[in-house]
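Q: Contents of structure.txt (compact mmCIF, C-alpha atoms and all ligand atoms) are below:
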```
# COMPACT_ATOMS: atom_id res chain seq x y z
CA MET A 481 3.58 32.81 27.94
CA LYS A 482 4.52 35.88 29.96
CA LYS A 483 3.78 39.37 28.73
CA VAL A 484 5.89 42.52 28.49
CA LEU A 485 4.15 45.83 28.03
CA ALA A 486 6.42 48.61 26.73
CA LEU A 487 5.17 52.20 26.66
CA MET A 488 7.13 54.64 24.47
CA GLY A 489 6.53 58.12 25.88
CA SER A 490 8.60 60.38 23.64
CA PRO A 491 6.65 62.46 21.14
CA ARG A 492 9.56 61.89 18.73
CA ARG A 493 9.74 58.60 16.84
CA ASN A 494 13.04 56.74 16.47
CA LYS A 495 15.03 59.14 18.60
CA ASN A 496 16.92 58.47 21.81
CA THR A 497 14.08 57.15 23.98
CA GLU A 498 12.73 54.73 21.40
CA THR A 499 16.25 53.57 20.55
CA LEU A 500 16.86 52.68 24.23
CA LEU A 501 13.57 50.85 24.40
CA ASP A 502 14.19 48.93 21.18
CA TYR A 503 17.65 47.84 22.34
CA LEU A 504 16.10 46.31 25.47
CA LEU A 505 13.18 44.73 23.60
CA GLU A 506 15.58 43.12 21.11
CA GLY A 507 17.12 41.13 23.95
CA ILE A 508 13.85 39.61 25.17
CA ASP A 509 13.39 35.93 24.46
CA ARG A 510 10.24 35.79 22.32
CA SER A 511 9.75 32.10 22.98
CA ASN A 512 8.96 32.98 26.62
CA PHE A 513 7.52 36.47 26.30
CA GLU A 514 4.89 38.16 24.25
CA VAL A 515 5.97 41.79 23.80
CA GLU A 516 3.54 44.62 23.17
CA LYS A 517 5.06 48.00 22.35
CA ILE A 518 2.71 50.97 22.49
CA ILE A 519 3.61 54.34 21.00
CA LEU A 520 1.74 56.74 23.27
CA ARG A 521 1.64 59.58 20.79
CA ASN A 522 -0.45 57.39 18.46
CA LEU A 523 -3.16 56.99 21.09
CA ASN A 524 -5.95 59.26 22.15
CA ILE A 525 -5.68 59.48 25.94
CA ASN A 526 -7.50 62.20 27.83
CA TYR A 527 -5.88 63.80 30.81
CA CYS A 528 -7.40 62.95 34.21
CA THR A 529 -9.95 65.57 35.20
CA GLY A 530 -10.19 64.53 38.85
CA CYS A 531 -13.92 63.88 38.45
CA GLU A 532 -13.91 61.13 41.13
CA HIS A 533 -15.98 58.77 38.96
CA CYS A 534 -13.41 56.00 39.59
CA GLY A 535 -13.81 56.44 43.34
CA LYS A 536 -17.50 55.58 42.99
CA THR A 537 -17.48 52.94 40.24
CA SER A 538 -13.84 51.68 39.97
CA ASN A 539 -13.92 52.59 36.27
CA CYS A 540 -12.69 55.66 34.46
CA VAL A 541 -15.33 57.97 33.06
CA PHE A 542 -13.44 58.22 29.75
CA LYS A 543 -13.80 55.43 27.20
CA ASP A 544 -10.70 56.24 25.18
CA ASP A 545 -7.47 54.46 24.25
CA MET A 546 -6.48 54.21 27.92
CA SER A 547 -8.89 51.23 28.11
CA LYS A 548 -6.39 49.20 26.08
CA ILE A 549 -3.60 50.15 28.47
CA TYR A 550 -5.71 49.31 31.55
CA ASP A 551 -6.29 45.82 30.09
CA ASN A 552 -2.57 45.43 29.47
CA PHE A 553 -1.67 46.57 33.01
CA ASP A 554 -3.95 43.93 34.41
CA ASN A 555 -2.46 41.17 32.25
CA CYS A 556 1.24 41.96 31.93
CA ASP A 557 4.13 40.52 33.94
CA ILE A 558 6.62 43.26 33.14
CA ILE A 559 5.96 46.90 32.36
CA ILE A 560 8.56 49.18 30.82
CA LEU A 561 7.98 52.91 30.68
CA ALA A 562 10.37 54.86 28.45
CA SER A 563 10.22 58.63 28.56
CA PRO A 564 12.65 61.48 27.99
CA ILE A 565 13.07 64.11 30.65
CA TYR A 566 11.02 67.22 29.99
CA PHE A 567 11.42 69.96 32.61
CA ASN A 568 12.92 67.52 35.12
CA SER A 569 10.05 65.04 34.80
CA ILE A 570 8.47 62.65 32.30
CA THR A 571 6.69 63.96 29.21
CA GLY A 572 3.06 65.06 29.25
CA LEU A 573 2.24 62.03 27.09
CA ALA A 574 3.57 59.68 29.77
CA LYS A 575 2.19 61.72 32.66
CA ASN A 576 -1.33 61.49 31.23
CA VAL A 577 -1.06 57.70 31.48
CA VAL A 578 0.28 57.94 35.03
CA ASP A 579 -2.49 60.31 36.13
CA ARG A 580 -5.13 58.03 34.66
CA CYS A 581 -3.88 55.38 37.12
CA GLN A 582 -5.74 57.33 39.78
CA ARG A 583 -8.31 54.67 38.99
CA TYR A 584 -6.15 52.03 40.73
CA TRP A 585 -5.52 54.33 43.68
CA SER A 586 -9.28 54.79 44.02
CA ILE A 587 -9.95 51.06 43.76
CA LYS A 588 -7.50 50.40 46.59
CA TYR A 589 -7.89 53.37 48.91
CA VAL A 590 -11.35 54.78 48.25
CA LEU A 591 -13.31 51.62 47.48
CA GLY A 592 -11.11 49.37 49.63
CA ASN A 593 -10.97 46.58 47.05
CA ASN A 594 -8.00 44.41 46.25
CA TYR A 595 -6.70 45.19 42.81
CA LYS A 596 -5.67 41.76 41.54
CA ARG A 597 -2.08 41.43 40.52
CA ASN A 598 0.33 38.99 39.13
CA GLN A 599 2.81 38.52 41.99
CA GLU A 600 5.79 38.63 39.68
CA ARG A 601 4.96 41.93 37.97
CA LYS A 602 8.01 44.14 37.51
CA GLY A 603 8.43 47.78 36.53
CA ILE A 604 11.38 49.21 34.59
CA PHE A 605 12.01 52.87 33.76
CA LEU A 606 14.15 53.98 30.82
CA SER A 607 14.96 57.65 30.34
CA VAL A 608 17.17 60.10 28.49
CA GLY A 609 18.01 63.73 29.20
CA GLY A 610 19.56 66.31 26.95
CA ALA A 611 21.59 67.93 29.74
CA THR A 612 24.92 66.64 30.98
CA PHE A 613 25.29 64.08 33.75
CA SER A 614 25.91 66.79 36.37
CA HIS A 615 22.35 68.16 36.25
CA ASN A 616 20.66 65.34 38.21
CA GLN A 617 17.93 65.55 35.64
CA PHE A 618 16.35 62.19 36.55
CA ASP A 619 15.81 62.97 40.23
CA GLY A 620 12.39 64.52 39.67
CA ALA A 621 11.07 61.65 37.54
CA VAL A 622 12.04 58.78 39.83
CA PRO A 623 9.49 59.52 42.61
CA VAL A 624 6.77 59.91 39.95
CA ILE A 625 7.60 56.52 38.48
CA ASP A 626 7.86 54.99 41.94
CA TYR A 627 4.33 56.11 42.77
CA PHE A 628 3.07 55.02 39.35
CA PHE A 629 4.47 51.51 39.74
CA LYS A 630 3.04 51.29 43.25
CA ALA A 631 -0.41 52.24 41.89
CA ILE A 632 -0.36 49.40 39.36
CA ASN A 633 1.26 46.93 41.77
CA ALA A 634 4.55 46.63 39.95
CA ASN A 635 7.87 46.18 41.75
CA TYR A 636 10.20 48.96 40.59
CA VAL A 637 13.29 46.91 39.76
CA GLY A 638 15.27 48.94 37.26
CA ASN A 639 16.39 52.30 35.95
CA TYR A 640 18.49 52.90 32.85
CA PHE A 641 19.33 56.56 32.23
CA VAL A 642 21.35 58.32 29.55
CA SER A 643 22.41 61.97 29.92
CA ASN A 644 23.72 64.41 27.34
CA THR A 645 21.62 63.05 24.48
CA ASP A 646 21.36 66.49 22.87
CA GLU A 647 25.15 66.41 22.32
CA ILE A 648 25.75 62.71 21.73
CA PRO A 649 22.76 60.59 20.66
CA VAL A 650 22.22 57.13 22.11
CA GLU A 651 23.06 55.38 18.85
CA ASP A 652 26.56 56.94 18.88
CA ARG A 653 27.42 55.63 22.37
CA VAL A 654 29.40 52.49 22.87
CA ASN A 655 28.13 49.76 25.22
CA ILE A 656 24.55 51.01 25.60
CA LYS A 657 23.17 48.65 22.98
CA ASN A 658 24.93 45.64 24.51
CA GLU A 659 23.96 46.56 28.09
CA LEU A 660 20.31 46.94 27.24
CA TYR A 661 20.28 43.80 25.14
CA ARG A 662 21.64 41.93 28.17
CA ILE A 663 19.00 43.47 30.47
CA GLY A 664 16.36 42.29 28.00
CA ARG A 665 17.90 38.83 27.78
CA GLU A 666 17.94 38.51 31.60
CA ILE A 667 14.61 40.22 32.21
CA ASP A 668 13.10 37.20 33.92
CA GLU A 669 15.86 36.98 36.52
CA HIS A 670 15.55 38.57 39.93
CA LYS A 671 17.95 41.42 39.37
CA ASN A 672 17.69 45.08 40.30
CA PHE A 673 19.67 47.59 38.29
CA TYR A 674 20.42 51.31 38.27
CA LEU A 675 22.63 52.39 35.39
CA HIS A 676 23.38 55.96 34.36
CA ARG A 677 25.38 56.62 31.21
C1 LIG A 701 10.02 70.55 26.39
C2 LIG A 701 11.39 69.97 26.66
C3 LIG A 701 11.88 70.00 27.95
C4 LIG A 701 13.13 69.43 28.23
N1 LIG A 701 13.59 69.46 29.51
C5 LIG A 701 14.76 68.86 29.81
C6 LIG A 701 15.23 68.82 31.16
O1 LIG A 701 14.62 69.33 32.09
N2 LIG A 701 16.41 68.18 31.41
C7 LIG A 701 17.13 67.59 30.41
O2 LIG A 701 18.18 67.01 30.69
N3 LIG A 701 16.71 67.62 29.12
C8 LIG A 701 15.54 68.23 28.81
N4 LIG A 701 15.10 68.23 27.49
C9 LIG A 701 15.90 67.55 26.45
C10 LIG A 701 15.39 66.13 26.17
O3 LIG A 701 15.40 65.33 27.34
C11 LIG A 701 16.29 65.49 25.12
O4 LIG A 701 16.25 66.23 23.92
C12 LIG A 701 15.93 64.03 24.82
O5 LIG A 701 16.90 63.46 23.97
C13 LIG A 701 14.57 63.92 24.15
O6 LIG A 701 14.24 62.56 23.96
P1 LIG A 701 14.06 61.92 22.49
O7 LIG A 701 15.39 62.15 21.81
O8 LIG A 701 13.75 60.51 22.67
O9 LIG A 701 12.95 62.67 21.86
C14 LIG A 701 13.89 68.83 27.18
C15 LIG A 701 13.37 68.80 25.88
C16 LIG A 701 12.14 69.37 25.61
C17 LIG A 701 11.59 69.33 24.20
```
Output the structure of this file as structure tokens.
A:
Amino acid sequence: MKKVLALMGSPRRNKNTETLLDYLLEGIDRSNFEVEKIILRNLNINYCTGCEHCGKTSNCVFKDDMSKIYDNFDNCDIIILASPIYFNSITGLAKNVVDRCQRYWSIKYVLGNNYKRNQERKGIFLSVGGATFSHNQFDGAVPVIDYFFKAINANYVGNYFVSNTDEIPVEDRVNIKNELYRIGREIDEHKNFYLHR
């Protein structure tokens, strides 16, 4: 059975970000995939302090809830990160997880070890922004996610973005639910997507 790891990075429960994520997860065929959804705000994850412990030992100095996410990164086939845009980037909750992936960077580039990967691992980014479409509000987050997925050896295959969520919430938009359901249904196929609503 393949595994999907879904990280929900909005501090707000059941708002636009989580709605997007749930639409996609609903489409996933549970007879082929085990799905684990993690609500980041429920976890205790320290911010990276740049202590360089991982560059000496390959492990993070902190023994906190990030350990569970490290295990999931190593075992999952598909990772989905869902975060709203805060100040043109992802939320602090999500960025803490990304920064803690310095461990993988250290394993590869400081210690020179091969970080084992599942060859088929894919990365998908879902995001919402309160501003209107014209503000290019996702442009700052994309390079962050690109670097994050590279660190954990995931192929960045998809973006699904929704603007103007402060005016019109996701649940009031037509088509979004169906589009994400279809992306979930076809998640095992070799398709790249970039959709902005
Ligand atoms: C601290 C903060 C910073 C934000 N910065 C931006 C921004 O730079 N661009 C934008 O389009 N929306 C911004 N927003 C609006 C959120 O992206 C928007 O409210 C979104 O729907 C929040 O996601 P949620 O509904 O899942 O909680 C910001 C909101 C907060 C609270």
Q: Neighbouring residues of ligand LIG 701 (chain A) are defined here as those with any atom at most 10 Å from a ligand atom, counting all atoms listed in the file; list them as number ranges by chain.
A: A: 488-501, 562-572, 607-618, 620, 642-650
Q: So what do you get for CA of Glu516 in chain A versus CA of Leu504 in chain A, distance-wise?
A: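 Separation between CA of Glu516 in chain A and CA of Leu504 in chain A: 12.9 Å.
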Q: Could you make a table, as JSON lines, of the residues of range 556-586 of chain A that have an atom within 6 Å of an atom of range 603-606 of chain A, each with its nearest atom pair and distance in Å to one decimal, counting all atoms listed in the file, in chain and number order?
A:
```
{"residue": "A:Ile558", "atom": "CA", "partner": "A:Gly603", "partner_atom": "CA", "distance": 5.9}
{"residue": "A:Ile559", "atom": "CA", "partner": "A:Gly603", "partner_atom": "CA", "distance": 4.9}
{"residue": "A:Ile560", "atom": "CA", "partner": "A:Ile604", "partner_atom": "CA", "distance": 4.7}
{"residue": "A:Leu561", "atom": "CA", "partner": "A:Phe605", "partner_atom": "CA", "distance": 5.1}
{"residue": "A:Ala562", "atom": "CA", "partner": "A:Leu606", "partner_atom": "CA", "distance": 4.5}
```
Q: If you take every atom of range 510-525 of chain A that the file lists and fit an axis-aligned box around them with 5 Å extra on each side, what centre and edge lengths come out in Å to one decimal, as JSON?
A:
```
{"center_x": 2.1, "center_y": 45.8, "center_z": 22.5, "size_x": 26.2, "size_y": 37.5, "size_z": 18.2}
```
Q: Could you jot down the CA of Cys581 in chain A to CA of Asp619 in chain A separation for me, Å, one decimal place?
A: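 Distance between the two atoms: 21.3 Å.
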